[in-house]
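To start, the structure under review is shown below, and the notes come after it.
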Amino acid sequence: MRNRMLTLLICLGIGLFLAGSAVPAGRADFRWPEGKRAALTLTFDDARLSQVDVGLPILDTYGINATFYVNPDGVKERLDGWKRAVKNGHEIGNHTVTHPCTGNYSFSKDNALENMTLADIKREIVEANRILGELLGVKPASFAYPCCQMFVGRGRNVKTYVPMVAKMFLAARMGGDDAGNDPLVCDLSQLMAGGSDDATFEKVKPLIDQAAAEGR
């Protein structure tokens with residue numbers, strides 16, 4: 001099912017976003033270049049083995065480049081595959097070294113954002129950049145917040161690390177949202193994204209249709 005969904009997404013992206021030329025209603029103040037109606041970005045997190053073994057061959061078959069927000073340990077497990085991904089034009093983004101999330105998730109209770117400082121999360125990001133540079137020869141230009149969470153600390157000591165990320169990267173992605181990004185007002189350091197994990201194509205398609213209709 002995931003293979004079929006990805007194939008359909010790619011076909012829809014080619015047919016809808018590259019061929020369209022109409023300016024969406026209410027968007028006369030903004031025009032996508034070359035008459036395009038909207039933009040579609042496919043992103044994948046965590047350097048999962050299936051991304052190299054299954055996803056990348058499908059993307060390469062259709063000539064579609066995606067962004068992969070990777071953790072270094074996952075890259076090491078399929079290093080040759082990730083090197084091919086870079087060679088074939090896919091973007092490698094930063095997703096920290098250890099993927100810290102809220103301690104409310106059992107997998108992250110010993111690596112909880114609530115117990116971290118801004119200095120801690122900065123080390124995670126800087127070290128991930130360093131390792132990816134050594135492994136793949138890239139310097140990530142974009143970042144994805146692990147678990148879509150953008151804080152460290154707890155209670156009165158909570159701090160956001162969005163400003164730090166904004167200084168280090170051209171763009172940063174959140175996730176799990178049901179709306180696209182308005183190119184006139186979006187914050188590049190807090191880009192929205194529709195989730196597709198375990199989703200059928202029928203569930204994802206309305207989000208794409210909405211983005212096309214609104215020029216997002």
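Ordering of the structure tokens sets the chain letters (A, B, ...); residue numbers start at 1 within each chain; ligands are numbered from 1 in the order shown.
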Original post:
What's the 12 Å shell around A:His95, counting only C-alpha atoms, without same-chain residues fewer than 2 positions away, as a VMD selection string?
Top reply: chain A and resid 43 to 47 67 to 75 92 to 93 97 to 101 121 to 122 124 to 129 131 to 132 140 to 149 165 169 172 to 174
Output C-alpha atoms of each residue in that selection to a file, as an mmCIF file, in the first residue's frame.
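result_17.cif, freshly written:
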data_model
loop_
_atom_site.group_PDB
_atom_site.id
_atom_site.type_symbol
_atom_site.label_atom_id
_atom_site.label_comp_id
_atom_site.auth_asym_id
_atom_site.auth_seq_id
_atom_site.Cartn_x
_atom_site.Cartn_y
_atom_site.Cartn_z
ATOM 1 C CA THR A 43 9.816 14.672 2.958
ATOM 2 C CA PHE A 44 10.776 11.567 4.906
ATOM 3 C CA ASP A 45 12.210 11.364 8.421
ATOM 4 C CA ASP A 46 14.571 9.215 10.493
ATOM 5 C CA ALA A 47 16.635 7.495 7.756
ATOM 6 C CA THR A 67 14.076 15.661 1.162
ATOM 7 C CA PHE A 68 15.237 13.156 3.761
ATOM 8 C CA TYR A 69 15.637 14.346 7.341
ATOM 9 C CA VAL A 70 18.056 11.776 8.652
ATOM 10 C CA ASN A 71 19.639 10.666 11.898
ATOM 11 C CA PRO A 72 23.306 9.681 11.469
ATOM 12 C CA ASP A 73 22.968 6.170 12.936
ATOM 13 C CA GLY A 74 20.361 5.294 10.328
ATOM 14 C CA VAL A 75 22.575 6.642 7.562
ATOM 15 C CA ILE A 92 19.649 15.476 3.033
ATOM 16 C CA GLY A 93 18.347 17.480 5.981
ATOM 17 C CA VAL A 97 21.771 12.976 16.338
ATOM 18 C CA THR A 98 19.586 11.213 18.908
ATOM 19 C CA HIS A 99 16.084 12.423 17.953
ATOM 20 C CA PRO A 100 15.079 13.890 21.357
ATOM 21 C CA CYS A 101 11.343 14.224 22.011
ATOM 22 C CA ILE A 121 19.887 20.837 21.542
ATOM 23 C CA LYS A 122 22.429 23.008 19.728
ATOM 24 C CA GLU A 124 22.658 17.758 18.818
ATOM 25 C CA ILE A 125 22.193 19.836 15.691
ATOM 26 C CA VAL A 126 25.822 20.878 15.214
ATOM 27 C CA GLU A 127 27.060 17.319 15.721
ATOM 28 C CA ALA A 128 24.522 15.961 13.218
ATOM 29 C CA ASN A 129 25.760 18.479 10.645
ATOM 30 C CA ILE A 131 28.675 13.708 10.975
ATOM 31 C CA LEU A 132 26.578 14.089 7.836
ATOM 32 C CA PRO A 140 22.238 20.379 5.426
ATOM 33 C CA ALA A 141 20.345 23.525 4.501
ATOM 34 C CA SER A 142 17.081 22.492 6.156
ATOM 35 C CA PHE A 143 15.941 20.934 9.428
ATOM 36 C CA ALA A 144 12.982 18.932 10.703
ATOM 37 C CA TYR A 145 11.985 19.138 14.371
ATOM 38 C CA PRO A 146 11.981 15.644 15.932
ATOM 39 C CA CYS A 147 8.406 14.705 16.837
ATOM 40 C CA CYS A 148 7.467 18.192 15.533
ATOM 41 C CA GLN A 149 8.365 19.577 18.982
ATOM 42 C CA VAL A 165 17.253 26.825 13.983
ATOM 43 C CA PHE A 169 19.115 26.713 8.309
ATOM 44 C CA ALA A 172 12.706 24.047 8.979
ATOM 45 C CA ARG A 173 9.698 21.750 8.890
ATOM 46 C CA MET A 174 7.137 20.989 11.566
#
Original post:
In stretch 45-192 of chain A, what's strand (DSSP E or B) per DSSP? Answer as JSON, numbers by chain?
Top reply: {"A": [45, 67, 68, 69, 70, 91, 92, 93, 94, 101, 112, 142, 143, 144, 151, 152, 159, 160, 171, 172, 173, 191]}
Just C-alpha atoms for this one: save the residues we selected as a compact mmCIF listing (two decimals), in the first residue's frame.
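The new file part-v3.txt reads:
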# COMPACT_ATOMS: atom_id res chain seq x y z
CA ASP A 45 12.21 11.36 8.42
CA THR A 67 14.08 15.66 1.16
CA PHE A 68 15.24 13.16 3.76
CA TYR A 69 15.64 14.35 7.34
CA VAL A 70 18.06 11.78 8.65
CA GLU A 91 18.27 16.60 -0.32
CA ILE A 92 19.65 15.48 3.03
CA GLY A 93 18.35 17.48 5.98
CA ASN A 94 19.29 17.63 9.67
CA CYS A 101 11.34 14.22 22.01
CA ALA A 112 13.63 14.00 26.95
CA SER A 142 17.08 22.49 6.16
CA PHE A 143 15.94 20.93 9.43
CA ALA A 144 12.98 18.93 10.70
CA PHE A 151 11.01 23.32 22.91
CA VAL A 152 13.45 22.41 25.65
CA LYS A 159 12.40 27.77 25.82
CA THR A 160 11.83 27.47 22.09
CA ALA A 171 14.11 26.31 6.28
CA ALA A 172 12.71 24.05 8.98
CA ARG A 173 9.70 21.75 8.89
CA LEU A 191 6.89 25.26 7.82
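If you look at atom CA of A:Thr41 and atom CA of A:Ile208, they are 10.4 Å away from each other.
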Original post:
When distances are computed from only C-alpha atoms, which of A:Asn111, A:Val138, A:Trp32, A:Ile58 shows the smallest separation from A:Lys87?
Top reply: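 Nearest candidate to A:Lys87 out of A:Asn111, A:Val138, A:Trp32, A:Ile58: A:Val138.
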Subject >> Non-local contacts of A:Ala179 (12 Å; only C-alpha atoms; under 4 positions in same chain excluded) as a VMD selection string >> reply: chain A and resid 174 to 175 186 191 to 195 204 206 to 216
Prev. selection, N, CA and C atoms, output as a JSON list (two decimals), in the first residue's frame:
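As written to disk, selection27.json reads:
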[["chain", "number", "residue", "atom", "x", "y", "z"],
["A", 174, "MET", "N", 7.87, 21.57, 10.44],
["A", 174, "MET", "CA", 7.14, 20.99, 11.57],
["A", 174, "MET", "C", 6.47, 19.72, 11.03],
["A", 175, "GLY", "N", 5.15, 19.56, 11.25],
["A", 175, "GLY", "CA", 4.48, 18.40, 10.68],
["A", 175, "GLY", "C", 3.15, 18.13, 11.34],
["A", 186, "CYS", "N", 4.12, 32.63, 5.29],
["A", 186, "CYS", "CA", 4.69, 31.51, 6.04],
["A", 186, "CYS", "C", 6.05, 31.87, 6.64],
["A", 191, "LEU", "N", 7.73, 25.64, 8.93],
["A", 191, "LEU", "CA", 6.89, 25.26, 7.82],
["A", 191, "LEU", "C", 5.93, 24.13, 8.20],
["A", 192, "MET", "N", 4.70, 24.28, 7.80],
["A", 192, "MET", "CA", 3.69, 23.27, 8.08],
["A", 192, "MET", "C", 3.81, 22.13, 7.09],
["A", 193, "ALA", "N", 3.31, 20.95, 7.49],
["A", 193, "ALA", "CA", 3.38, 19.78, 6.60],
["A", 193, "ALA", "C", 2.27, 18.82, 6.97],
["A", 194, "GLY", "N", 1.68, 18.22, 5.96],
["A", 194, "GLY", "CA", 0.64, 17.22, 6.20],
["A", 194, "GLY", "C", 1.27, 15.86, 6.42],
["A", 195, "GLY", "N", 0.83, 15.17, 7.46],
["A", 195, "GLY", "CA", 1.37, 13.84, 7.76],
["A", 195, "GLY", "C", 0.81, 12.78, 6.83],
["A", 204, "VAL", "N", -4.71, 11.60, 1.83],
["A", 204, "VAL", "CA", -3.73, 12.65, 1.55],
["A", 204, "VAL", "C", -4.16, 13.57, 0.41],
["A", 206, "PRO", "N", -6.91, 15.15, -0.55],
["A", 206, "PRO", "CA", -7.58, 16.43, -0.30],
["A", 206, "PRO", "C", -6.63, 17.53, 0.15],
["A", 207, "LEU", "N", -5.58, 17.19, 0.87],
["A", 207, "LEU", "CA", -4.60, 18.20, 1.30],
["A", 207, "LEU", "C", -3.86, 18.77, 0.09],
["A", 208, "ILE", "N", -3.55, 17.90, -0.86],
["A", 208, "ILE", "CA", -2.88, 18.34, -2.07],
["A", 208, "ILE", "C", -3.81, 19.19, -2.92],
["A", 209, "ASP", "N", -5.05, 18.75, -3.04],
["A", 209, "ASP", "CA", -6.04, 19.52, -3.82],
["A", 209, "ASP", "C", -6.23, 20.91, -3.22],
["A", 210, "GLN", "N", -6.28, 21.00, -1.89],
["A", 210, "GLN", "CA", -6.47, 22.29, -1.23],
["A", 210, "GLN", "C", -5.27, 23.21, -1.50],
["A", 211, "ALA", "N", -4.07, 22.66, -1.42],
["A", 211, "ALA", "CA", -2.88, 23.46, -1.68],
["A", 211, "ALA", "C", -2.89, 24.00, -3.11],
["A", 212, "ALA", "N", -3.31, 23.16, -4.06],
["A", 212, "ALA", "CA", -3.35, 23.60, -5.46],
["A", 212, "ALA", "C", -4.40, 24.69, -5.66],
["A", 213, "ALA", "N", -5.55, 24.52, -5.00],
["A", 213, "ALA", "CA", -6.63, 25.50, -5.17],
["A", 213, "ALA", "C", -6.27, 26.85, -4.54],
["A", 214, "GLU", "N", -5.45, 26.83, -3.49],
["A", 214, "GLU", "CA", -5.13, 28.06, -2.77],
["A", 214, "GLU", "C", -3.74, 28.60, -3.09],
["A", 215, "GLY", "N", -3.05, 27.95, -4.00],
["A", 215, "GLY", "CA", -1.72, 28.42, -4.40],
["A", 215, "GLY", "C", -0.70, 28.31, -3.30],
["A", 216, "ARG", "N", -0.79, 27.24, -2.50],
["A", 216, "ARG", "CA", 0.14, 27.07, -1.36],
["A", 216, "ARG", "C", 1.33, 26.20, -1.73]]
Subject >> All helix (DSSP H, G or I) residues (DSSP, backbone) inside stretch 49-135 of chain A, as number ranges by chain >> reply: A: 49-62, 72-77, 79-87, 106-108, 113-115, 118-135
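Distance-wise, atom CA of A:Asp80 and atom CA of A:Thr96 end up 20.6 Å apart.
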